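Data from model06.cif: mmCIF, C-alpha atoms
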```cif
data_data
#
loop_
_atom_site.label_atom_id
_atom_site.label_comp_id
_atom_site.auth_asym_id
_atom_site.auth_seq_id
_atom_site.Cartn_x
_atom_site.Cartn_y
_atom_site.Cartn_z
CA MET E 85 48.13 90.12 156.50
CA ALA E 86 47.15 87.39 158.93
CA HIS E 87 46.58 85.06 155.99
CA VAL E 88 50.14 85.64 154.74
CA MET E 89 51.56 84.77 158.13
CA SER E 90 49.57 81.52 158.22
CA LEU E 91 51.21 80.38 154.99
CA THR E 92 54.45 79.84 156.87
CA ALA E 93 53.22 79.54 160.43
CA LEU E 94 50.72 76.71 161.02
CA LEU E 95 50.55 73.52 159.01
CA ARG E 96 49.61 69.97 158.97
CA ILE E 97 50.44 66.41 160.17
CA LEU E 98 49.20 63.22 161.99
CA LEU E 99 47.90 59.70 161.35
CA ILE E 100 50.57 57.69 159.61
CA THR E 101 49.63 54.59 157.59
CA LEU E 102 52.35 52.00 157.96
CA LEU E 103 54.46 51.91 154.82
CA THR E 104 55.78 48.79 153.19
CA VAL E 105 57.94 50.50 150.62
CA VAL E 106 61.59 49.71 150.07
CA ALA E 107 63.99 52.45 148.96
CA THR E 108 64.84 52.08 145.26
CA LEU E 109 68.25 50.51 144.83
CA ASP E 110 69.98 50.46 141.46
CA ALA E 111 70.48 47.07 139.85
CA SER E 112 74.21 47.74 139.41
CA ALA E 113 74.87 47.97 143.16
CA GLN E 114 76.97 45.12 144.55
CA LEU E 115 75.38 45.14 147.99
CA ARG E 116 71.79 45.70 149.03
CA GLY E 117 69.83 46.25 152.20
CA ARG E 118 67.14 43.64 152.82
CA GLN E 119 63.47 44.47 153.21
CA THR E 120 61.32 42.70 155.77
CA GLN E 121 57.70 43.77 156.32
CA GLY E 122 58.19 47.43 155.51
CA THR E 123 61.60 47.97 157.03
CA ILE E 124 65.05 47.72 155.52
CA ASP E 125 67.72 45.51 157.05
CA PRO E 126 70.74 47.84 156.84
CA ILE E 127 73.97 46.81 155.14
CA PRO E 128 76.55 45.86 157.83
CA VAL E 129 79.70 47.90 157.21
CA ALA E 130 83.08 47.74 158.95
CA LEU E 131 84.79 51.12 159.09
CA PRO E 132 88.07 51.01 161.04
CA VAL E 133 89.70 54.22 162.25
CA PHE E 134 91.73 55.63 159.38
CA SER E 135 95.51 55.57 159.60
CA GLY E 136 97.65 58.72 159.56
CA ALA E 137 100.25 60.84 161.32
CA ASP E 138 97.46 62.63 163.22
CA PRO E 139 95.44 59.80 164.82
CA GLN E 140 92.89 62.20 166.27
CA MET E 141 92.09 63.74 162.89
CA ALA E 142 92.03 60.34 161.17
CA ALA E 143 89.58 59.05 163.78
CA ALA E 144 87.38 62.14 163.48
CA ILE E 145 87.07 61.79 159.70
CA ALA E 146 86.24 58.09 160.03
CA ASP E 147 83.56 59.01 162.58
CA VAL E 148 81.97 61.53 160.20
CA ILE E 149 81.73 58.81 157.54
CA THR E 150 80.28 56.35 160.05
CA ASN E 151 77.67 58.82 161.31
CA ASP E 152 76.62 59.80 157.78
CA LEU E 153 76.16 56.21 156.64
CA GLN E 154 74.42 55.05 159.80
CA GLY E 155 72.20 58.14 159.84
CA SER E 156 70.85 57.26 156.39
CA GLY E 157 69.23 54.15 157.82
CA LEU E 158 70.65 52.01 155.01
CA PHE E 159 73.86 51.02 156.82
CA ARG E 160 74.79 49.53 160.18
CA ALA E 161 78.27 50.36 161.40
CA LEU E 162 79.84 47.38 163.19
CA ASP E 163 81.44 47.82 166.61
CA ARG E 164 85.17 48.45 166.16
CA ALA E 165 85.86 46.37 169.28
CA SER E 166 84.77 43.31 167.29
CA PHE E 167 87.35 43.76 164.53
CA LEU E 168 89.79 40.86 164.16
CA GLU E 169 92.24 42.74 161.98
CA GLN E 170 93.85 46.18 162.06
CA ILE E 171 94.36 47.96 158.71
CA ALA E 172 97.51 50.09 158.96
CA ASN E 173 97.91 50.75 155.24
CA VAL E 174 95.16 51.75 152.82
CA ASN E 175 96.87 49.68 150.11
CA GLN E 176 97.00 46.57 152.28
CA LEU E 177 94.88 43.69 151.02
CA PRO E 178 92.43 42.82 153.81
CA THR E 179 92.10 39.29 155.10
CA PHE E 180 88.48 38.92 154.06
CA PRO E 181 87.56 35.88 156.22
CA ASN E 182 88.28 38.05 159.28
CA TRP E 183 85.66 40.55 158.13
CA ARG E 184 83.12 37.99 157.00
CA GLN E 185 83.40 36.32 160.41
CA ILE E 186 82.14 39.44 162.19
CA GLY E 187 79.30 39.86 159.66
CA ALA E 188 80.68 42.71 157.55
CA ASP E 189 79.26 42.83 154.02
CA ALA E 190 81.48 45.81 153.18
CA LEU E 191 84.77 47.19 154.48
CA VAL E 192 85.88 50.83 154.21
CA VAL E 193 89.55 51.63 154.90
CA GLY E 194 91.53 54.82 154.48
CA ASN E 195 94.30 57.12 155.58
CA VAL E 196 94.74 60.83 156.26
CA ALA E 197 97.86 62.87 155.54
CA SER E 198 98.74 66.53 156.04
CA GLY E 199 100.86 68.29 153.42
CA GLN E 200 103.41 71.07 153.92
CA ASP E 201 100.85 73.53 152.52
CA GLY E 202 98.50 72.65 155.38
CA ARG E 203 96.03 70.78 153.19
CA LEU E 204 94.57 67.46 154.24
CA THR E 205 94.54 64.50 151.88
CA SER E 206 92.57 61.31 152.45
CA GLU E 207 92.59 58.14 150.38
CA PHE E 208 90.04 55.38 150.84
CA ARG E 209 89.04 51.94 149.53
CA VAL E 210 85.68 50.16 149.66
CA TRP E 211 85.80 46.37 149.61
CA ASP E 212 83.11 43.74 149.17
CA SER E 213 83.98 41.37 152.01
CA VAL E 214 82.16 38.45 150.43
CA SER E 215 83.68 38.54 146.94
CA GLY E 216 86.96 40.20 147.93
CA LYS E 217 86.57 42.77 145.18
CA GLN E 218 87.39 46.46 145.48
CA LEU E 219 84.23 48.46 144.78
CA ALA E 220 85.64 52.00 144.94
CA GLY E 221 88.79 53.95 145.70
CA GLN E 222 89.58 57.65 145.53
CA ARG E 223 91.66 60.46 147.00
CA PHE E 224 90.29 63.80 148.28
CA SER E 225 92.14 66.94 149.37
CA THR E 226 90.95 70.11 151.09
CA ARG E 227 91.99 72.85 153.50
CA ALA E 228 92.49 71.65 157.05
CA GLN E 229 89.54 73.66 158.40
CA ASN E 230 87.25 71.81 155.98
CA TRP E 231 88.23 68.39 157.31
CA ARG E 232 84.62 67.34 157.91
CA ARG E 233 83.94 67.74 154.21
CA ILE E 234 86.39 64.95 153.39
CA GLY E 235 84.28 62.64 155.54
CA HIS E 236 81.09 63.68 153.75
CA LEU E 237 82.67 63.22 150.31
CA ILE E 238 83.85 59.71 151.18
CA ALA E 239 80.46 58.84 152.69
CA ASP E 240 78.80 59.95 149.44
CA GLN E 241 81.06 57.64 147.44
CA VAL E 242 80.39 54.69 149.74
CA TYR E 243 76.63 55.35 149.68
CA GLU E 244 76.55 55.54 145.89
CA ARG E 245 78.67 52.45 145.32
CA LEU E 246 76.76 50.26 147.76
CA THR E 247 73.19 51.40 146.97
CA GLY E 248 73.31 52.62 143.38
CA GLU E 249 71.83 55.97 144.48
CA LYS E 250 73.65 59.31 144.61
CA GLY E 251 74.76 60.39 148.06
CA TYR E 252 73.57 63.55 149.80
CA PHE E 253 76.04 64.08 152.64
CA ASP E 254 78.27 66.81 151.12
CA THR E 255 75.49 69.39 151.36
CA ARG E 256 74.33 72.26 153.51
CA VAL E 257 70.99 73.36 154.91
CA VAL E 258 69.82 76.92 155.34
CA PHE E 259 67.23 77.37 158.09
CA ILE E 260 65.70 79.76 160.63
CA ASP E 261 67.43 79.79 164.02
CA GLU E 262 64.86 80.53 166.76
CA THR E 263 65.67 81.79 170.25
CA GLY E 264 63.78 83.53 173.07
CA PRO E 265 60.32 83.05 174.60
CA LYS E 266 57.70 81.32 172.46
CA LYS E 267 55.53 84.41 172.07
CA ASN E 268 58.46 86.60 171.07
CA ARG E 269 60.88 84.41 169.15
CA ARG E 270 63.98 85.95 167.62
CA LYS E 271 64.33 84.42 164.15
CA ARG E 272 67.67 84.58 162.36
CA LEU E 273 68.83 83.18 159.06
CA ALA E 274 71.41 80.42 159.57
CA ILE E 275 73.28 77.74 157.64
CA MET E 276 74.78 74.38 158.65
CA ASP E 277 76.09 71.12 157.25
CA GLN E 278 73.35 68.57 156.59
CA ASP E 279 74.29 66.72 159.80
CA GLY E 280 73.86 69.82 161.98
CA ALA E 281 77.57 70.73 162.25
CA ASN E 282 79.23 74.07 161.45
CA VAL E 283 76.23 76.30 162.22
CA ARG E 284 76.75 79.90 161.11
CA LEU E 285 74.33 82.82 161.53
CA LEU E 286 73.56 84.83 158.38
CA SER E 287 71.43 87.51 160.03
CA GLN E 288 71.20 89.01 163.51
CA GLY E 289 67.46 89.10 164.08
CA GLY E 290 66.78 92.76 163.32
CA ASN E 291 64.03 91.70 160.92
CA LEU E 292 61.77 88.64 160.88
CA VAL E 293 62.98 86.19 158.21
CA LEU E 294 61.20 83.14 156.78
CA THR E 295 61.29 80.54 153.97
CA PRO E 296 64.94 80.60 152.84
CA ARG E 297 65.69 78.77 149.57
CA PHE E 298 69.00 77.78 147.94
CA SER E 299 69.89 78.65 144.38
CA PRO E 300 70.64 75.45 142.44
CA THR E 301 73.53 77.06 140.56
CA ARG E 302 75.05 79.84 142.71
CA GLN E 303 76.08 80.49 146.30
CA GLU E 304 72.90 82.47 146.80
CA ILE E 305 69.79 82.30 148.95
CA ALA E 306 66.33 83.78 148.41
CA TYR E 307 64.22 84.39 151.52
CA THR E 308 61.31 86.41 152.86
CA GLN E 309 62.13 89.35 155.15
CA TYR E 310 59.59 91.42 157.06
CA THR E 311 60.50 95.10 156.99
CA GLN E 312 58.04 97.39 158.75
CA SER E 313 55.59 94.47 158.91
CA GLN E 314 55.63 93.97 155.14
CA PRO E 315 57.16 90.81 153.64
CA GLN E 316 59.60 91.23 150.75
CA VAL E 317 61.69 88.65 148.92
CA MET E 318 65.43 89.20 149.38
CA LEU E 319 68.56 87.71 147.82
CA LEU E 320 71.68 86.96 149.86
CA ASP E 321 75.05 86.29 148.23
CA LEU E 322 76.80 83.82 150.54
CA VAL E 323 80.24 84.78 149.22
CA THR E 324 80.02 88.58 149.51
CA ASN E 325 77.23 88.70 152.15
CA LYS E 326 75.47 91.28 149.95
CA ARG E 327 71.70 91.52 150.41
CA THR E 328 69.40 92.75 147.65
CA LYS E 329 65.66 93.33 147.53
CA LEU E 330 64.18 91.34 144.67
CA GLY E 331 62.47 93.73 142.25
CA ASN E 332 60.28 96.73 142.88
CA PHE E 333 56.85 95.22 143.42
CA GLN E 334 53.84 97.19 144.56
CA GLY E 335 52.65 94.82 147.24
CA MET E 336 53.92 92.10 149.52
CA THR E 337 56.14 89.37 148.05
CA PHE E 338 56.83 86.03 149.74
CA ALA E 339 57.35 82.27 149.21
CA PRO E 340 60.25 82.46 146.70
CA ARG E 341 61.66 79.50 144.80
CA PHE E 342 64.47 79.40 142.22
CA SER E 343 64.08 77.91 138.75
CA PRO E 344 66.30 74.87 138.05
CA ASP E 345 68.77 77.02 136.07
CA GLY E 346 68.93 79.59 138.89
CA ARG E 347 68.07 82.47 136.54
CA ARG E 348 64.50 83.09 137.67
CA ILE E 349 62.49 83.13 140.88
CA VAL E 350 58.81 82.33 141.16
CA MET E 351 56.98 83.81 144.16
CA SER E 352 53.70 85.17 145.48
CA LEU E 353 52.68 88.82 145.21
CA GLN E 354 49.82 89.93 147.43
CA THR E 355 47.71 92.92 146.53
CA GLY E 356 44.43 93.46 148.33
CA GLY E 357 42.97 90.18 149.53
CA ASN E 358 44.50 88.02 146.79
CA SER E 359 47.94 86.72 146.02
CA ASN E 360 49.07 85.59 142.59
CA LEU E 361 52.21 83.96 141.28
CA PHE E 362 54.86 85.95 139.43
CA GLU E 363 58.09 84.90 137.78
CA PHE E 364 61.04 87.27 138.07
CA ASP E 365 64.09 87.17 135.81
CA ILE E 366 67.07 88.05 138.01
CA ALA E 367 69.36 89.39 135.26
CA SER E 368 66.83 91.46 133.27
CA GLN E 369 64.70 92.42 136.30
CA ARG E 370 61.60 91.60 134.26
CA LYS E 371 58.53 90.10 135.91
CA ARG E 372 55.78 87.99 134.41
CA GLN E 373 52.41 87.29 136.00
CA LEU E 374 51.55 83.59 135.94
CA THR E 375 48.19 83.39 137.75
CA ASN E 376 45.31 85.86 137.99
CA ALA E 377 42.66 84.44 140.28
CA SER E 378 40.55 85.76 143.14
CA SER E 379 42.36 83.49 145.58
CA ILE E 380 45.55 82.92 147.53
CA ASP E 381 48.05 81.26 145.16
CA THR E 382 51.36 80.54 146.86
CA ALA E 383 54.17 78.03 147.60
CA PRO E 384 55.23 77.53 143.96
CA SER E 385 57.88 74.95 143.01
CA TYR E 386 59.38 74.21 139.59
CA ALA E 387 59.67 70.76 138.05
CA PRO E 388 63.33 69.71 137.62
CA ASP E 389 63.12 70.44 133.87
CA GLY E 390 61.63 73.89 134.52
CA ASN E 391 58.62 73.24 132.28
CA ARG E 392 55.94 73.02 134.98
CA ILE E 393 55.14 74.59 138.34
CA VAL E 394 53.24 73.06 141.25
CA PHE E 395 51.60 75.39 143.79
CA GLU E 396 48.89 75.63 146.42
CA SER E 397 45.69 77.62 146.06
CA ASP E 398 42.34 78.08 147.80
CA ARG E 399 40.58 78.98 144.54
CA GLU E 400 38.05 76.18 145.06
CA GLY E 401 37.42 77.03 148.70
CA THR E 402 40.12 75.06 150.53
CA GLN E 403 43.90 74.78 150.18
CA GLN E 404 44.69 72.28 147.42
CA ILE E 405 47.61 71.47 145.12
CA TYR E 406 47.57 72.59 141.49
CA LEU E 407 49.83 72.05 138.52
CA MET E 408 50.42 74.38 135.56
CA ASN E 409 52.83 74.97 132.71
CA ALA E 410 55.72 77.32 133.49
CA ASP E 411 54.00 80.12 131.52
CA GLY E 412 50.87 79.87 133.70
CA SER E 413 48.73 77.95 131.22
CA GLY E 414 46.99 74.63 131.72
CA VAL E 415 46.14 74.94 135.42
CA GLN E 416 44.77 71.71 136.89
CA ARG E 417 44.05 70.51 140.40
CA ILE E 418 45.88 67.30 141.40
CA SER E 419 45.01 66.81 145.11
CA PHE E 420 41.64 65.20 145.79
CA GLY E 421 42.03 63.46 149.13
CA ASP E 422 40.34 64.60 152.32
CA GLY E 423 41.90 67.58 154.09
CA ARG E 424 43.80 70.73 153.13
CA TYR E 425 47.02 70.45 151.14
CA SER E 426 49.87 72.97 151.06
CA THR E 427 53.58 73.68 150.44
CA PRO E 428 54.12 71.24 147.55
CA VAL E 429 57.79 70.73 146.62
CA TRP E 430 59.00 68.89 143.53
CA SER E 431 61.61 66.17 144.03
CA PRO E 432 64.93 66.79 142.23
CA ARG E 433 64.32 63.47 140.45
CA GLY E 434 60.91 64.58 139.24
CA ASP E 435 59.15 61.44 140.48
CA TYR E 436 57.41 62.79 143.59
CA LEU E 437 55.90 65.89 145.14
CA ALA E 438 56.24 66.36 148.89
CA PHE E 439 53.44 68.22 150.68
CA THR E 440 51.99 69.13 154.04
CA LYS E 441 48.39 68.35 154.87
CA GLN E 442 45.84 69.18 157.54
CA LEU E 443 43.09 66.64 158.16
CA ALA E 444 40.51 66.71 160.98
CA GLY E 445 42.83 68.72 163.21
CA ARG E 446 45.73 66.39 162.44
CA PHE E 447 48.93 67.33 160.66
CA LEU E 448 50.68 65.19 158.06
CA ILE E 449 53.59 65.23 155.62
CA GLY E 450 53.51 62.97 152.59
CA VAL E 451 54.45 62.43 148.99
CA MET E 452 52.45 61.89 145.81
CA ARG E 453 53.26 61.51 142.15
CA PRO E 454 53.09 64.64 139.96
CA ASP E 455 49.67 63.58 138.61
CA GLY E 456 48.31 63.36 142.17
CA SER E 457 48.30 59.57 142.34
CA GLY E 458 50.06 57.33 144.85
CA GLU E 459 49.62 59.58 147.89
CA ARG E 460 51.50 58.26 150.94
CA ILE E 461 51.86 59.78 154.40
CA LEU E 462 55.40 59.63 155.79
CA THR E 463 55.24 61.12 159.26
CA GLU E 464 53.05 62.74 161.90
CA GLY E 465 53.42 65.34 164.62
CA TYR E 466 51.82 68.14 166.58
CA HIS E 467 52.71 70.66 163.87
CA ASN E 468 54.86 69.49 160.97
CA GLU E 469 55.66 71.79 158.09
CA GLY E 470 58.11 72.81 155.38
CA PRO E 471 59.35 69.68 153.54
CA THR E 472 62.59 70.07 151.58
CA TRP E 473 64.30 67.43 149.43
CA ALA E 474 67.86 66.13 149.59
CA PRO E 475 69.53 66.43 146.17
CA ASN E 476 69.18 62.68 145.57
CA GLY E 477 65.39 62.87 145.98
CA ARG E 478 65.30 60.06 148.55
CA VAL E 479 65.32 61.97 151.86
CA LEU E 480 63.26 64.87 153.18
CA MET E 481 63.82 67.39 155.96
CA PHE E 482 60.98 69.23 157.68
CA PHE E 483 60.35 70.94 161.00
CA ARG E 484 58.08 69.94 163.86
CA GLU E 485 56.74 72.31 166.49
CA SER E 486 56.26 70.93 170.00
CA PRO E 487 53.36 72.17 172.19
CA GLY E 488 53.42 74.02 175.48
CA ALA E 489 54.97 77.23 176.73
CA GLY E 490 58.47 75.78 176.53
CA GLY E 491 57.97 74.11 173.16
CA GLY E 492 59.55 75.05 169.88
CA ALA E 493 60.50 73.87 166.43
CA LYS E 494 63.09 71.22 165.63
CA ILE E 495 64.33 69.93 162.28
CA TYR E 496 63.86 66.29 161.34
CA SER E 497 64.80 64.09 158.41
CA VAL E 498 62.85 61.14 157.01
CA ASP E 499 63.33 59.00 153.93
CA ILE E 500 60.61 58.38 151.38
CA THR E 501 59.72 55.04 152.94
CA GLY E 502 58.83 56.91 156.14
CA TYR E 503 60.65 54.45 158.39
CA ASN E 504 63.90 56.32 159.16
CA GLU E 505 62.94 59.52 160.98
CA ARG E 506 65.71 61.36 162.87
CA VAL E 507 66.25 64.67 164.64
CA VAL E 508 68.84 66.96 163.03
CA PRO E 509 70.75 68.53 165.96
CA THR E 510 70.78 72.33 166.16
CA PRO E 511 72.00 74.61 168.97
CA SER E 512 68.55 76.15 169.47
CA PHE E 513 65.04 75.80 168.07
CA ALA E 514 65.05 75.67 164.27
CA SER E 515 62.52 75.82 161.44
CA ASP E 516 62.11 76.30 157.67
CA PRO E 517 64.97 74.06 156.46
CA ALA E 518 66.03 74.20 152.81
CA TRP E 519 68.52 71.67 151.40
CA SER E 520 71.36 72.77 149.11
CA PRO E 521 72.49 70.94 145.98
CA LEU E 522 75.66 68.86 146.31
CA LEU E 523 78.60 71.16 146.94
CA LYS E 524 81.18 71.68 144.20
#
```
Can I see the file as structure tokens?
Amino acid sequence: MAHVMSLTALLRILLITLLTVVATLDASAQLRGRQTQGTIDPIPVALPVFSGADPQMAAAIADVITNDLQGSGLFRALDRASFLEQIANVNQLPTFPNWRQIGADALVVGNVASGQDGRLTSEFRVWDSVSGKQLAGQRFSTRAQNWRRIGHLIADQVYERLTGEKGYFDTRVVFIDETGPKKNRRKRLAIMDQDGANVRLLSQGGNLVLTPRFSPTRQEIAYTQYTQSQPQVMLLDLVTNKRTKLGNFQGMTFAPRFSPDGRRIVMSLQTGGNSNLFEFDIASQRKRQLTNASSIDTAPSYAPDGNRIVFESDREGTQQIYLMNADGSGVQRISFGDGRYSTPVWSPRGDYLAFTKQLAGRFLIGVMRPDGSGERILTEGYHNEGPTWAPNGRVLMFFRESPGAGGGAKIYSVDITGYNERVVPTPSFASDPAWSPLLK
């Protein structure tokens, strides 16, 4: 039982090797950040307050866009006090020399209107200040209470048009909200926007909950719940709030992960001193055993095409990362560096695996290619754990535990270059983040 708890309770990070990797930017993008000795010179963007009948709402939406773009590390929002021109109409042609003079490579303008039905509508334009060309323009509409989502949607469009990569701002994160003294933490399932706003509790702390995971296709979460000290995988429907125990397994189930089509869940089943991986078909309720070793096999994660699974195992004496076909065949070890590897997670793009690692008492989070090559350490900390990918495969979230009696876990984000690490604000201590797909 103690071994099961350690799978989600103490992990690995320290010693960072300085990266000199630039984020991949598509050749079709009009504007690019500039790399200098391992860091990226962010794109300078001018983002005036949007126009509209409700100036406060227009300003708030513009601020959400600004914070999203600046938080990515790829953009630098210029001080509005430096602007030489006011844009009162989204269809107004900007005077581009005014924006070039203050150093703006791009200009984002927009308006916000409220309809009689109470819905908000926002229209925006993205301009290349150097060429004077419009790069993007679109209109979004939503219910007034979802006003922040308009900002995220526009930020995604700006991000994509200026970098060539898909955005990741219109997403949510499910996590574990932690309150109370360190030795007796109350852990509750919670959900928030990717920037830490709109936190909502999904459980009240009656049972210990861990490792929540989003379905890629439905408004559903799989997570581990301890009932009478025994972990079981549960499903939570976010629309109906209905909770269901996953299957009728004889033993402890934990570490769930959805298949890319959302129809199956792969997880660990512990019986005796071993745990093996099982795949469970949600509709038919059929289970299939994938591994059968005298070891602890856990933390499985599907490849984006669903054909392979990466997982951790101590079958050779220490925790290492293994790869196998989705039917359990062709198992091969892919981690061969010093230290213990765990919690591998496949990038949505398929190009990297994120992992946690413990080395000589130090804790690390890094990425490697699916064949185990190209290992790079991204960040360090007292106790870092639980990497989760943004849907564009270019940013990770994880949690870091701070030492001492008053310490606790906080959620951080870092991009795959390792240079843009930020705290994600939460109202209390927080752990086990899991990123959603882009909202629909």
Coordinates-based distance that separates CA of Pro126 in chain E from CA of Gln176 in chain E (Å, one decimal):
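Straight-line distance from CA of Gln176 in chain E to CA of Pro126 in chain E works out to 26.7 Å.
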Quick one: which residues end up in the PyMOL selection byres ((chain E and resi 363) around 9) for this structure, as a PDB file with C-alpha atoms, keeping the file's coordinate frame?
```pdb
ATOM      1  CA  ARG E 348      64.500  83.090 137.670  1.00  0.00           C
ATOM      2  CA  ILE E 349      62.490  83.130 140.880  1.00  0.00           C
ATOM      3  CA  VAL E 350      58.810  82.330 141.160  1.00  0.00           C
ATOM      4  CA  MET E 351      56.980  83.810 144.160  1.00  0.00           C
ATOM      5  CA  SER E 352      53.700  85.170 145.480  1.00  0.00           C
ATOM      6  CA  LEU E 361      52.210  83.960 141.280  1.00  0.00           C
ATOM      7  CA  PHE E 362      54.860  85.950 139.430  1.00  0.00           C
ATOM      8  CA  PHE E 364      61.040  87.270 138.070  1.00  0.00           C
ATOM      9  CA  ASP E 365      64.090  87.170 135.810  1.00  0.00           C
ATOM     10  CA  ARG E 370      61.600  91.600 134.260  1.00  0.00           C
ATOM     11  CA  LYS E 371      58.530  90.100 135.910  1.00  0.00           C
ATOM     12  CA  ARG E 372      55.780  87.990 134.410  1.00  0.00           C
ATOM     13  CA  GLN E 373      52.410  87.290 136.000  1.00  0.00           C
ATOM     14  CA  LEU E 374      51.550  83.590 135.940  1.00  0.00           C
ATOM     15  CA  ASP E 411      54.000  80.120 131.520  1.00  0.00           C
TER      16      ASP E 411
END
```
In Å, how far is it from CA of Ser419 in chain E to CA of Gln403 in chain E?
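Spanning CA of Ser419 in chain E to CA of Gln403 in chain E is a straight-line distance of 9.5 Å.
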Rounded to one decimal, what separation in Å do you get between CA of Leu353 in chain E and CA of Ser378 in chain E?
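Interatomic distance, CA of Leu353 in chain E to CA of Ser378 in chain E: 12.7 Å.
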Neighbours of Thr308 in chain E within 9 Å (only C-alpha atoms; same-chain residues fewer than 3 positions away dropped), as a PyMOL selection string?
chain E and resi 292-296+315-319+337-340
Apply the PyMOL selection byres ((chain E and resi 325-328) around 12) to the file shown and report the selected residues as a list in words.
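Going through the file, the PyMOL selection byres ((chain E and resi 325-328) around 12) ends up selecting Leu285, Leu286, Ser287, Gln303, Glu304, Ile305, Ala306, Tyr307, Thr308, Gln309, Gln316, Val317, Met318, Leu319, Leu320, Asp321, Leu322, Val323, Thr324, Lys329, Leu330, Gly331, Asn332 and Ile366 of chain E.
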I'd like the neighbourhood of Val214 in chain E as a PDB file with C-alpha atoms, keeping the file's coordinate frame, where a residue qualifies if any of its atoms comes within 8 Å (using all atoms listed in the file), though same-chain residues fewer than 6 positions away should be ignored.
```pdb
ATOM      1  CA  PHE E 180      88.480  38.920 154.060  1.00  0.00           C
ATOM      2  CA  ARG E 184      83.120  37.990 157.000  1.00  0.00           C
ATOM      3  CA  ASP E 189      79.260  42.830 154.020  1.00  0.00           C
ATOM      4  CA  ALA E 190      81.480  45.810 153.180  1.00  0.00           C
TER       5      ALA E 190
END
```
For a quick check of understanding, using all atoms listed in the file, which of E:Val479, E:Arg227, E:Gln218, E:Ala438 has the smallest distance to Gln200 in chain E?
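Comparing E:Val479, E:Arg227, E:Gln218, E:Ala438 against Gln200 in chain E, the winner is E:Arg227.
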Determine the nearest neighbour of Leu191 in chain E from the options E:Val129, E:Val242, E:Gln170, E:Gly357, counting only C-alpha atoms.
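That would be E:Val129, the residue with the smallest distance to Leu191 in chain E.
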Kindly complete range 361-375 of chain E to N, CA and C atoms; the output should be written as a PDB file, keeping the file's coordinate frame.
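Output saved as part.pdb:
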```pdb
ATOM      1  N   LEU E 361      50.837  84.390 141.503  1.00  0.00           N
ATOM      2  CA  LEU E 361      52.210  83.960 141.280  1.00  0.00           C
ATOM      3  C   LEU E 361      52.841  84.774 140.159  1.00  0.00           C
ATOM      4  N   PHE E 362      54.077  85.198 140.406  1.00  0.00           N
ATOM      5  CA  PHE E 362      54.860  85.950 139.430  1.00  0.00           C
ATOM      6  C   PHE E 362      56.215  85.267 139.262  1.00  0.00           C
ATOM      7  N   GLU E 363      56.730  85.361 138.055  1.00  0.00           N
ATOM      8  CA  GLU E 363      58.090  84.900 137.780  1.00  0.00           C
ATOM      9  C   GLU E 363      58.962  86.122 137.531  1.00  0.00           C
ATOM     10  N   PHE E 364      60.145  86.115 138.152  1.00  0.00           N
ATOM     11  CA  PHE E 364      61.040  87.270 138.070  1.00  0.00           C
ATOM     12  C   PHE E 364      62.371  86.816 137.502  1.00  0.00           C
ATOM     13  N   ASP E 365      62.798  87.456 136.400  1.00  0.00           N
ATOM     14  CA  ASP E 365      64.090  87.170 135.810  1.00  0.00           C
ATOM     15  C   ASP E 365      65.157  88.004 136.520  1.00  0.00           C
ATOM     16  N   ILE E 366      66.122  87.347 137.161  1.00  0.00           N
ATOM     17  CA  ILE E 366      67.070  88.050 138.010  1.00  0.00           C
ATOM     18  C   ILE E 366      67.962  88.992 137.213  1.00  0.00           C
ATOM     19  N   ALA E 367      68.437  88.568 136.042  1.00  0.00           N
ATOM     20  CA  ALA E 367      69.360  89.390 135.260  1.00  0.00           C
ATOM     21  C   ALA E 367      68.677  90.582 134.628  1.00  0.00           C
ATOM     22  N   SER E 368      67.514  90.373 133.995  1.00  0.00           N
ATOM     23  CA  SER E 368      66.830  91.460 133.270  1.00  0.00           C
ATOM     24  C   SER E 368      65.917  92.282 134.164  1.00  0.00           C
ATOM     25  N   GLN E 369      65.617  91.761 135.367  1.00  0.00           N
ATOM     26  CA  GLN E 369      64.700  92.420 136.300  1.00  0.00           C
ATOM     27  C   GLN E 369      63.259  92.473 135.762  1.00  0.00           C
ATOM     28  N   ARG E 370      62.954  91.636 134.813  1.00  0.00           N
ATOM     29  CA  ARG E 370      61.600  91.600 134.260  1.00  0.00           C
ATOM     30  C   ARG E 370      60.735  90.616 135.042  1.00  0.00           C
ATOM     31  N   LYS E 371      59.461  90.989 135.216  1.00  0.00           N
ATOM     32  CA  LYS E 371      58.530  90.100 135.910  1.00  0.00           C
ATOM     33  C   LYS E 371      57.408  89.699 134.961  1.00  0.00           C
ATOM     34  N   ARG E 372      56.865  88.512 135.222  1.00  0.00           N
ATOM     35  CA  ARG E 372      55.780  87.990 134.410  1.00  0.00           C
ATOM     36  C   ARG E 372      54.735  87.402 135.330  1.00  0.00           C
ATOM     37  N   GLN E 373      53.484  87.819 135.175  1.00  0.00           N
ATOM     38  CA  GLN E 373      52.410  87.290 136.000  1.00  0.00           C
ATOM     39  C   GLN E 373      51.980  85.930 135.452  1.00  0.00           C
ATOM     40  N   LEU E 374      51.881  84.952 136.354  1.00  0.00           N
ATOM     41  CA  LEU E 374      51.550  83.590 135.940  1.00  0.00           C
ATOM     42  C   LEU E 374      50.117  83.205 136.277  1.00  0.00           C
ATOM     43  N   THR E 375      49.581  83.689 137.399  1.00  0.00           N
ATOM     44  CA  THR E 375      48.190  83.390 137.750  1.00  0.00           C
ATOM     45  C   THR E 375      47.450  84.703 137.997  1.00  0.00           C
TER      46      THR E 375
END
```
